[in-house]
>>> print(open('work-v5.cif').read())   # mmCIF, C-alpha atoms
data_run
#
loop_
_atom_site.group_PDB
_atom_site.id
_atom_site.type_symbol
_atom_site.label_atom_id
_atom_site.label_comp_id
_atom_site.auth_asym_id
_atom_site.auth_seq_id
_atom_site.Cartn_x
_atom_site.Cartn_y
_atom_site.Cartn_z
ATOM 1 C CA MET P 27 0.000 0.000 0.000
ATOM 2 C CA THR P 28 1.364 3.430 -0.955
ATOM 3 C CA GLU P 29 2.546 5.450 2.023
ATOM 4 C CA ARG P 30 0.589 8.666 2.473
ATOM 5 C CA LYS P 31 2.380 12.013 2.514
ATOM 6 C CA PRO P 32 2.380 14.031 5.772
ATOM 7 C CA ILE P 33 -0.699 16.152 6.417
ATOM 8 C CA GLU P 34 0.095 19.791 5.674
ATOM 9 C CA THR P 35 -3.391 21.328 5.485
ATOM 10 C CA TRP P 36 -6.662 20.585 7.234
ATOM 11 C CA MET P 37 -10.379 20.791 6.472
ATOM 12 C CA THR P 38 -12.985 20.239 9.162
ATOM 13 C CA ASP P 39 -16.745 20.269 9.393
ATOM 14 C CA MET P 40 -18.268 22.523 12.052
ATOM 15 C CA ASP P 41 -21.511 21.110 13.514
ATOM 16 C CA GLY P 42 -20.853 17.780 15.202
ATOM 17 C CA VAL P 43 -17.086 18.288 15.101
ATOM 18 C CA LEU P 44 -16.320 21.662 16.717
ATOM 19 C CA ILE P 45 -19.731 22.423 18.222
ATOM 20 C CA ARG P 46 -22.828 20.423 19.067
ATOM 21 C CA GLU P 47 -26.230 21.880 19.945
ATOM 22 C CA GLY P 48 -24.676 25.290 20.436
ATOM 23 C CA ASN P 49 -21.880 24.133 22.755
ATOM 24 C CA MET P 50 -18.205 23.503 22.070
ATOM 25 C CA VAL P 51 -17.136 19.893 21.694
ATOM 26 C CA PRO P 52 -14.527 19.455 24.474
ATOM 27 C CA GLY P 53 -11.047 19.940 23.036
ATOM 28 C CA ALA P 54 -12.190 21.681 19.844
ATOM 29 C CA ASP P 55 -10.602 24.922 21.033
ATOM 30 C CA LEU P 56 -7.309 23.071 21.595
ATOM 31 C CA PHE P 57 -7.402 21.653 18.059
ATOM 32 C CA ILE P 58 -8.086 25.028 16.437
ATOM 33 C CA GLY P 59 -5.470 26.598 18.692
ATOM 34 C CA ALA P 60 -2.914 24.003 17.605
ATOM 35 C CA LEU P 61 -3.667 24.694 13.943
ATOM 36 C CA ARG P 62 -3.275 28.438 14.390
ATOM 37 C CA GLU P 63 -0.062 28.086 16.399
ATOM 38 C CA SER P 64 1.435 25.701 13.833
ATOM 39 C CA GLY P 65 0.813 28.153 10.999
ATOM 40 C CA ARG P 66 -0.756 25.391 8.932
ATOM 41 C CA ARG P 67 -3.464 26.412 6.477
ATOM 42 C CA PHE P 68 -6.941 25.182 7.293
ATOM 43 C CA LEU P 69 -10.635 25.796 6.631
ATOM 44 C CA VAL P 70 -13.794 25.074 8.568
ATOM 45 C CA LEU P 71 -16.472 23.881 6.138
ATOM 46 C CA THR P 72 -20.207 23.920 6.733
ATOM 47 C CA ASN P 73 -23.210 23.047 4.585
ATOM 48 C CA ASN P 74 -25.251 25.553 6.576
ATOM 49 C CA SER P 75 -26.025 28.494 4.284
ATOM 50 C CA ILE P 76 -27.950 30.619 6.794
ATOM 51 C CA TYR P 77 -25.011 32.505 8.283
ATOM 52 C CA THR P 78 -22.207 34.661 6.919
ATOM 53 C CA PRO P 79 -18.626 33.830 7.975
ATOM 54 C CA ARG P 80 -18.767 36.848 10.303
ATOM 55 C CA ASP P 81 -21.890 35.445 11.978
ATOM 56 C CA LEU P 82 -20.273 32.044 12.359
ATOM 57 C CA ARG P 83 -17.092 33.517 13.811
ATOM 58 C CA ALA P 84 -19.182 35.245 16.479
ATOM 59 C CA LYS P 85 -21.156 32.051 17.131
ATOM 60 C CA LEU P 86 -17.982 29.992 17.556
ATOM 61 C CA LEU P 87 -16.315 32.652 19.696
ATOM 62 C CA SER P 88 -19.272 32.557 22.093
ATOM 63 C CA THR P 89 -18.530 28.861 22.689
ATOM 64 C CA GLY P 90 -14.819 29.485 23.279
ATOM 65 C CA ILE P 91 -13.433 28.776 19.797
ATOM 66 C CA ASP P 92 -11.415 31.656 18.334
ATOM 67 C CA LEU P 93 -11.534 31.248 14.584
ATOM 68 C CA PRO P 94 -10.649 33.854 11.931
ATOM 69 C CA GLU P 95 -13.506 34.841 9.615
ATOM 70 C CA GLU P 96 -11.415 34.002 6.551
ATOM 71 C CA SER P 97 -11.016 30.406 7.806
ATOM 72 C CA ILE P 98 -14.720 29.638 7.328
ATOM 73 C CA TRP P 99 -16.103 28.266 4.044
ATOM 74 C CA THR P 100 -19.867 27.798 3.701
ATOM 75 C CA SER P 101 -22.088 26.174 1.091
ATOM 76 C CA ALA P 102 -23.435 29.680 0.425
ATOM 77 C CA LEU P 103 -19.964 30.942 -0.503
ATOM 78 C CA ALA P 104 -19.330 27.834 -2.607
ATOM 79 C CA THR P 105 -22.664 28.302 -4.396
ATOM 80 C CA ALA P 106 -21.977 31.968 -5.131
ATOM 81 C CA GLN P 107 -18.513 31.166 -6.466
ATOM 82 C CA PHE P 108 -19.911 28.365 -8.644
ATOM 83 C CA LEU P 109 -22.635 30.592 -10.132
ATOM 84 C CA ASP P 110 -20.168 33.427 -10.716
ATOM 85 C CA ALA P 111 -17.976 31.020 -12.701
ATOM 86 C CA GLN P 112 -20.920 29.618 -14.637
ATOM 87 C CA ARG P 113 -22.784 32.831 -15.437
ATOM 88 C CA PRO P 114 -21.068 36.030 -14.210
ATOM 89 C CA ASN P 115 -23.326 38.911 -13.145
ATOM 90 C CA GLY P 116 -26.401 36.732 -13.452
ATOM 91 C CA SER P 117 -29.703 36.884 -11.613
ATOM 92 C CA ALA P 118 -31.352 34.617 -9.062
ATOM 93 C CA TYR P 119 -34.506 34.112 -7.075
ATOM 94 C CA VAL P 120 -33.297 33.074 -3.630
ATOM 95 C CA ILE P 121 -34.945 31.175 -0.807
ATOM 96 C CA GLY P 122 -32.511 31.630 2.042
ATOM 97 C CA GLU P 123 -31.058 34.027 4.559
ATOM 98 C CA ALA P 124 -28.205 36.514 4.903
ATOM 99 C CA GLY P 125 -25.422 33.972 4.412
ATOM 100 C CA LEU P 126 -26.672 33.159 0.914
ATOM 101 C CA THR P 127 -28.003 36.524 -0.207
ATOM 102 C CA THR P 128 -24.839 38.328 0.946
ATOM 103 C CA ALA P 129 -22.582 35.837 -0.848
ATOM 104 C CA LEU P 130 -24.521 36.244 -4.111
ATOM 105 C CA HIS P 131 -24.609 40.048 -3.819
ATOM 106 C CA GLU P 132 -20.844 40.146 -3.334
ATOM 107 C CA THR P 133 -20.281 38.246 -6.593
ATOM 108 C CA GLY P 134 -22.409 40.756 -8.496
ATOM 109 C CA TYR P 135 -25.644 38.780 -8.698
ATOM 110 C CA VAL P 136 -29.013 40.539 -8.923
ATOM 111 C CA LEU P 137 -31.748 39.026 -6.740
ATOM 112 C CA THR P 138 -35.075 39.149 -8.530
ATOM 113 C CA GLU P 139 -38.399 37.383 -9.013
ATOM 114 C CA THR P 140 -38.550 38.398 -12.687
ATOM 115 C CA GLU P 141 -37.183 35.794 -15.115
ATOM 116 C CA PRO P 142 -34.103 34.911 -13.014
ATOM 117 C CA ASP P 143 -31.333 32.802 -14.481
ATOM 118 C CA TYR P 144 -31.466 30.586 -11.399
ATOM 119 C CA VAL P 145 -33.686 29.595 -8.530
ATOM 120 C CA VAL P 146 -31.289 29.146 -5.610
ATOM 121 C CA LEU P 147 -32.519 27.218 -2.599
ATOM 122 C CA GLY P 148 -30.708 27.466 0.708
ATOM 123 C CA GLU P 149 -31.687 27.072 4.328
ATOM 124 C CA THR P 150 -33.942 29.372 6.272
ATOM 125 C CA ARG P 151 -35.591 29.226 9.657
ATOM 126 C CA ASN P 152 -38.947 29.900 8.003
ATOM 127 C CA TYR P 153 -39.661 28.197 4.676
ATOM 128 C CA SER P 154 -42.784 29.880 3.320
ATOM 129 C CA PHE P 155 -45.391 28.220 1.119
ATOM 130 C CA GLU P 156 -45.527 31.402 -0.969
ATOM 131 C CA ALA P 157 -41.766 31.386 -1.652
ATOM 132 C CA ILE P 158 -41.760 27.674 -2.526
ATOM 133 C CA THR P 159 -44.706 28.187 -4.877
ATOM 134 C CA ARG P 160 -42.871 31.063 -6.589
ATOM 135 C CA ALA P 161 -39.762 28.862 -6.981
ATOM 136 C CA ILE P 162 -41.820 26.067 -8.555
ATOM 137 C CA ARG P 163 -43.401 28.440 -11.072
ATOM 138 C CA LEU P 164 -40.076 30.033 -12.013
ATOM 139 C CA ILE P 165 -38.461 26.632 -12.561
ATOM 140 C CA ASN P 166 -41.434 25.573 -14.680
ATOM 141 C CA ASP P 167 -40.859 28.749 -16.711
ATOM 142 C CA GLY P 168 -37.220 27.843 -17.364
ATOM 143 C CA SER P 169 -35.067 29.048 -14.458
ATOM 144 C CA ARG P 170 -32.262 26.650 -13.561
ATOM 145 C CA PHE P 171 -32.508 24.970 -10.159
ATOM 146 C CA ILE P 172 -29.566 25.186 -7.722
ATOM 147 C CA ALA P 173 -29.518 24.087 -4.064
ATOM 148 C CA THR P 174 -26.787 24.853 -1.563
ATOM 149 C CA ASN P 175 -26.708 21.374 -0.018
ATOM 150 C CA PRO P 176 -28.556 18.036 0.064
ATOM 151 C CA ASP P 177 -28.931 17.725 3.863
ATOM 152 C CA VAL P 178 -32.512 16.611 4.519
ATOM 153 C CA THR P 179 -32.506 17.502 8.207
ATOM 154 C CA GLY P 180 -30.638 19.855 10.498
ATOM 155 C CA PRO P 181 -29.922 19.585 14.233
ATOM 156 C CA ALA P 182 -31.874 21.480 16.888
ATOM 157 C CA PRO P 183 -32.147 21.038 20.675
ATOM 158 C CA GLU P 184 -35.769 19.903 20.303
ATOM 159 C CA GLY P 185 -34.985 17.442 17.509
ATOM 160 C CA ALA P 186 -34.468 17.293 13.753
ATOM 161 C CA LEU P 187 -35.600 20.135 11.507
ATOM 162 C CA PRO P 188 -36.345 19.896 7.773
ATOM 163 C CA ALA P 189 -33.400 21.279 5.813
ATOM 164 C CA CYS P 190 -32.519 22.221 2.251
ATOM 165 C CA GLY P 191 -32.621 18.691 0.835
ATOM 166 C CA SER P 192 -36.170 18.094 2.058
ATOM 167 C CA VAL P 193 -37.503 21.281 0.503
ATOM 168 C CA ALA P 194 -35.565 20.585 -2.694
ATOM 169 C CA ALA P 195 -37.311 17.199 -2.905
ATOM 170 C CA LEU P 196 -40.683 18.923 -2.617
ATOM 171 C CA ILE P 197 -39.817 21.319 -5.452
ATOM 172 C CA THR P 198 -38.457 18.479 -7.580
ATOM 173 C CA LYS P 199 -41.670 16.494 -7.065
ATOM 174 C CA ALA P 200 -43.698 19.500 -8.219
ATOM 175 C CA THR P 201 -41.528 20.398 -11.234
ATOM 176 C CA GLY P 202 -39.818 17.184 -12.313
ATOM 177 C CA VAL P 203 -36.521 19.104 -12.192
ATOM 178 C CA ASP P 204 -33.620 17.950 -10.008
ATOM 179 C CA PRO P 205 -31.410 20.639 -8.479
ATOM 180 C CA TYR P 206 -27.651 20.824 -8.756
ATOM 181 C CA PHE P 207 -26.393 20.530 -5.180
ATOM 182 C CA VAL P 208 -23.186 22.507 -4.605
ATOM 183 C CA GLY P 209 -22.412 21.597 -0.987
ATOM 184 C CA LYS P 210 -21.018 18.404 0.499
ATOM 185 C CA PRO P 211 -20.793 15.618 -0.588
ATOM 186 C CA ASN P 212 -20.243 17.295 -3.963
ATOM 187 C CA PRO P 213 -16.425 17.372 -4.263
ATOM 188 C CA LEU P 214 -16.838 20.734 -6.008
ATOM 189 C CA MET P 215 -17.142 22.424 -2.613
ATOM 190 C CA MET P 216 -13.997 20.655 -1.438
ATOM 191 C CA ARG P 217 -12.036 21.602 -4.559
ATOM 192 C CA GLU P 218 -13.067 25.241 -4.171
ATOM 193 C CA ALA P 219 -11.923 25.080 -0.554
ATOM 194 C CA LEU P 220 -8.580 23.529 -1.533
ATOM 195 C CA ASN P 221 -8.042 26.266 -4.113
ATOM 196 C CA LYS P 222 -8.928 28.950 -1.568
ATOM 197 C CA ILE P 223 -6.023 28.009 0.695
ATOM 198 C CA GLU P 224 -3.757 26.719 -2.101
ATOM 199 C CA ALA P 225 -3.767 23.199 -0.708
ATOM 200 C CA HIS P 226 -3.137 19.860 -2.428
ATOM 201 C CA SER P 227 -5.443 16.895 -1.943
ATOM 202 C CA GLU P 228 -2.565 14.482 -1.318
ATOM 203 C CA THR P 229 -1.449 16.395 1.776
ATOM 204 C CA THR P 230 -4.843 17.496 3.116
ATOM 205 C CA ALA P 231 -7.125 15.824 5.667
ATOM 206 C CA MET P 232 -10.882 16.198 6.149
ATOM 207 C CA ILE P 233 -12.528 15.818 9.564
ATOM 208 C CA GLY P 234 -16.256 15.175 9.785
ATOM 209 C CA ASP P 235 -19.026 13.589 11.798
ATOM 210 C CA ARG P 236 -21.080 12.241 8.866
ATOM 211 C CA MET P 237 -20.159 9.322 6.645
ATOM 212 C CA ASP P 238 -22.600 10.362 3.915
ATOM 213 C CA THR P 239 -21.330 13.926 3.467
ATOM 214 C CA ASP P 240 -18.001 14.733 5.144
ATOM 215 C CA VAL P 241 -16.229 11.411 4.680
ATOM 216 C CA LEU P 242 -17.686 10.771 1.226
ATOM 217 C CA CYS P 243 -16.747 14.273 0.081
ATOM 218 C CA GLY P 244 -13.208 13.864 1.388
ATOM 219 C CA ILE P 245 -12.753 10.477 -0.250
ATOM 220 C CA GLU P 246 -14.056 11.697 -3.627
ATOM 221 C CA ALA P 247 -11.707 14.683 -3.484
ATOM 222 C CA GLY P 248 -8.723 12.422 -2.687
ATOM 223 C CA LEU P 249 -8.203 13.569 0.917
ATOM 224 C CA ARG P 250 -7.346 11.596 4.027
ATOM 225 C CA THR P 251 -10.504 11.368 6.155
ATOM 226 C CA PHE P 252 -11.111 11.327 9.907
ATOM 227 C CA LEU P 253 -14.544 10.459 11.310
ATOM 228 C CA VAL P 254 -15.322 11.788 14.787
ATOM 229 C CA LEU P 255 -18.053 10.209 16.906
ATOM 230 C CA THR P 256 -19.407 13.432 18.412
ATOM 231 C CA GLY P 257 -22.061 14.038 15.776
ATOM 232 C CA VAL P 258 -24.420 12.216 13.425
ATOM 233 C CA THR P 259 -22.734 8.912 12.495
ATOM 234 C CA GLN P 260 -22.529 6.416 15.336
ATOM 235 C CA PRO P 261 -20.025 3.531 15.625
ATOM 236 C CA ASP P 262 -22.556 0.820 14.722
ATOM 237 C CA GLU P 263 -23.478 2.649 11.503
ATOM 238 C CA ILE P 264 -19.996 2.839 9.951
ATOM 239 C CA GLU P 265 -20.057 -0.684 8.504
ATOM 240 C CA ARG P 266 -23.283 0.037 6.630
ATOM 241 C CA PHE P 267 -21.395 2.208 4.162
ATOM 242 C CA PRO P 268 -19.426 0.801 1.193
ATOM 243 C CA TYR P 269 -16.479 3.065 1.999
ATOM 244 C CA ARG P 270 -14.477 3.774 5.136
ATOM 245 C CA PRO P 271 -12.716 6.788 6.630
ATOM 246 C CA SER P 272 -8.948 6.676 6.967
ATOM 247 C CA LYS P 273 -9.366 6.683 10.748
ATOM 248 C CA VAL P 274 -12.155 6.839 13.339
ATOM 249 C CA VAL P 275 -11.563 8.820 16.551
ATOM 250 C CA ASP P 276 -13.744 9.699 19.513
ATOM 251 C CA SER P 277 -13.478 13.444 18.974
ATOM 252 C CA VAL P 278 -11.465 16.224 17.379
ATOM 253 C CA ALA P 279 -9.497 16.465 20.632
ATOM 254 C CA ASP P 280 -7.797 13.204 19.640
ATOM 255 C CA LEU P 281 -6.325 14.904 16.576
ATOM 256 C CA VAL P 282 -4.398 17.653 18.356
ATOM 257 C CA SER P 283 -1.274 15.485 18.313
ATOM 258 C CA TYR P 284 -1.554 15.135 14.507
ATOM 259 C CA VAL P 285 -0.934 18.856 14.048
ATOM 260 C CA LYS P 286 2.806 19.298 13.826
#
>>> encode(input="work-v5.cif", output="structure tokens")
Amino acid sequence: MTERKPIETWMTDMDGVLIREGNMVPGADLFIGALRESGRRFLVLTNNSIYTPRDLRAKLLSTGIDLPEESIWTSALATAQFLDAQRPNGSAYVIGEAGLTTALHETGYVLTETEPDYVVLGETRNYSFEAITRAIRLINDGSRFIATNPDVTGPAPEGALPACGSVAALITKATGVDPYFVGKPNPLMMREALNKIEAHSETTAMIGDRMDTDVLCGIEAGLRTFLVLTGVTQPDEIERFPYRPSKVVDSVADLVSYVK
């Protein structure tokens, strides 16, 4: 078996790895601190498109994790970058919140309900029947369908909440049109992240708590993968998947020693 090169750059998911239900995963601050002290390039990736990087920095800081704004990469940013590359200065009808609308604005996109190039679906705390109906009609009229991520549920203290993937399925059922999902496990998001910090897949590791998004995305992008057991995927579920992470650890705290 070919010996892997040393890990020089790191990618990590946020929810389930660094924080869980609004609280810091014990040792997450030590891991981020070790990365910053080492000078190694890294990014925190999240499929959540609700928040801007500035919002997420503040959220993490409130839990005790000091993370630079520029070290956060969201599915909203990845979606905006993808659309800017596909159709610069285009137009979109957006279902989402500030994280997504701000990212699209900053790439020069016009947000409109009148013959938009794209319908872009992200996450929001309040999916409205009116907005979903408008999206369905625009797609039926020819707008292209983009979704920030395929996650069907999101975590909340009171239980699971419907997320972008669930609403996308509703729109697909009504239109017969499948969306293009930009976020994990699409390796596009990972490649954009690698390019952002000028990293190479052979020397980069991905840390995640989900086999079906984080680990799959890392494998398809050619990264070394670490699964932590502080989030969605539980130990007895790992063998159900036809692929395996490079290593399974209890939490991100166990990876501090890997940062050299």
>>> closest_atom_pairs(input="work-v5.cif", of="stretch 57-121 of chain P", to="stretch 227-237 of chain P", cutoff="12 Å", atoms="all atoms listed in the file", output="tab-separated table")
residue	atom	partner	partner_atom	distance
P:Phe57	CA	P:Ile233	CA	11.5
P:Arg66	CA	P:Thr230	CA	10.6
P:Arg67	CA	P:Thr230	CA	9.6
P:Phe68	CA	P:Thr230	CA	9.0
P:Leu69	CA	P:Met232	CA	9.6
P:Val70	CA	P:Ile233	CA	9.4
P:Leu71	CA	P:Gly234	CA	9.4
P:Thr72	CA	P:Gly234	CA	10.1
P:Asn73	CA	P:Gly234	CA	11.7
>>> closest_residue(input="work-v5.cif", among="P:Ile91, P:Ala194, P:Met40, P:Ile33", to="P:Ile58", atoms="all atoms listed in the file")
P:Ile91
>>> atom_distance(input="work-v5.cif", atom1="atom CA of P:Arg217", atom2="atom CA of P:Gly244")
9.8 Å
>>> residues_around(input="work-v5.cif", residues="stretch 126-128 of chain P", least_positions_apart="6", cutoff="8 Å", atoms="all atoms listed in the file", output="VMD selection string")
chain P and resid 75 to 78 102 to 103 106 120 137 148
>>> closest_residue(input="work-v5.cif", among="P:Ala225, P:Cys190, P:Val178, P:Met216", to="P:Leu242", atoms="all atoms listed in the file")
P:Met216
>>> closest_residue(input="work-v5.cif", among="P:Leu87, P:Ala118, P:Val241, P:Ala279", to="P:Ile264", atoms="only C-alpha atoms")
P:Val241
>>> build_atoms(input="work-v5.cif", residues="stretch 116-127 of chain P", atoms="all heavy atoms", output="compact mmCIF listing (two decimals), keeping the file's coordinate frame")
# COMPACT_ATOMS: atom_id res chain seq x y z
N GLY P 116 -25.08 37.26 -13.13
CA GLY P 116 -26.40 36.73 -13.45
C GLY P 116 -27.46 37.20 -12.46
O GLY P 116 -27.24 38.13 -11.67
N SER P 117 -28.60 36.53 -12.50
CA SER P 117 -29.70 36.88 -11.61
C SER P 117 -30.27 35.63 -10.97
O SER P 117 -30.17 34.53 -11.54
CB SER P 117 -30.80 37.62 -12.38
OG SER P 117 -31.32 36.80 -13.42
N ALA P 118 -30.85 35.77 -9.79
CA ALA P 118 -31.35 34.62 -9.06
C ALA P 118 -32.54 34.98 -8.19
O ALA P 118 -32.61 36.09 -7.64
CB ALA P 118 -30.25 34.02 -8.19
N TYR P 119 -33.46 34.05 -8.09
CA TYR P 119 -34.51 34.11 -7.08
C TYR P 119 -34.03 33.22 -5.94
O TYR P 119 -33.74 32.04 -6.16
CB TYR P 119 -35.84 33.62 -7.62
CG TYR P 119 -36.92 33.53 -6.55
CD1 TYR P 119 -37.44 34.68 -5.98
CD2 TYR P 119 -37.38 32.29 -6.10
CE1 TYR P 119 -38.40 34.61 -4.99
CE2 TYR P 119 -38.35 32.21 -5.12
CZ TYR P 119 -38.85 33.38 -4.56
OH TYR P 119 -39.81 33.31 -3.57
N VAL P 120 -33.93 33.78 -4.74
CA VAL P 120 -33.30 33.07 -3.63
C VAL P 120 -34.29 32.78 -2.51
O VAL P 120 -35.04 33.67 -2.08
CB VAL P 120 -32.12 33.90 -3.06
CG1 VAL P 120 -31.51 33.20 -1.86
CG2 VAL P 120 -31.07 34.12 -4.13
N ILE P 121 -34.29 31.54 -2.06
CA ILE P 121 -34.94 31.18 -0.81
C ILE P 121 -33.82 30.90 0.17
O ILE P 121 -33.09 29.90 0.03
CB ILE P 121 -35.84 29.94 -0.97
CG1 ILE P 121 -36.97 30.22 -1.96
CG2 ILE P 121 -36.42 29.52 0.38
CD1 ILE P 121 -37.86 29.01 -2.23
N GLY P 122 -33.63 31.78 1.12
CA GLY P 122 -32.51 31.63 2.04
C GLY P 122 -32.38 32.86 2.91
O GLY P 122 -33.24 33.74 2.90
N GLU P 123 -31.28 32.91 3.64
CA GLU P 123 -31.06 34.03 4.56
C GLU P 123 -29.76 34.74 4.23
O GLU P 123 -29.18 34.57 3.16
CB GLU P 123 -31.11 33.52 6.00
CG GLU P 123 -32.48 32.93 6.34
CD GLU P 123 -32.78 32.89 7.82
OE1 GLU P 123 -32.15 33.64 8.59
OE2 GLU P 123 -33.65 32.10 8.22
N ALA P 124 -29.30 35.57 5.17
CA ALA P 124 -28.20 36.51 4.90
C ALA P 124 -26.94 35.84 4.38
O ALA P 124 -26.24 36.40 3.54
CB ALA P 124 -27.88 37.31 6.16
N GLY P 125 -26.63 34.64 4.87
CA GLY P 125 -25.42 33.97 4.41
C GLY P 125 -25.41 33.78 2.91
O GLY P 125 -24.40 33.99 2.24
N LEU P 126 -26.56 33.42 2.34
CA LEU P 126 -26.67 33.16 0.91
C LEU P 126 -26.86 34.44 0.11
O LEU P 126 -26.19 34.64 -0.90
CB LEU P 126 -27.84 32.19 0.66
CG LEU P 126 -28.06 31.73 -0.78
CD1 LEU P 126 -26.80 31.12 -1.37
CD2 LEU P 126 -29.21 30.73 -0.82
N THR P 127 -27.76 35.30 0.55
CA THR P 127 -28.00 36.52 -0.21
C THR P 127 -26.78 37.43 -0.22
O THR P 127 -26.45 38.03 -1.25
CB THR P 127 -29.21 37.29 0.36
OG1 THR P 127 -29.00 37.58 1.75
CG2 THR P 127 -30.49 36.48 0.21
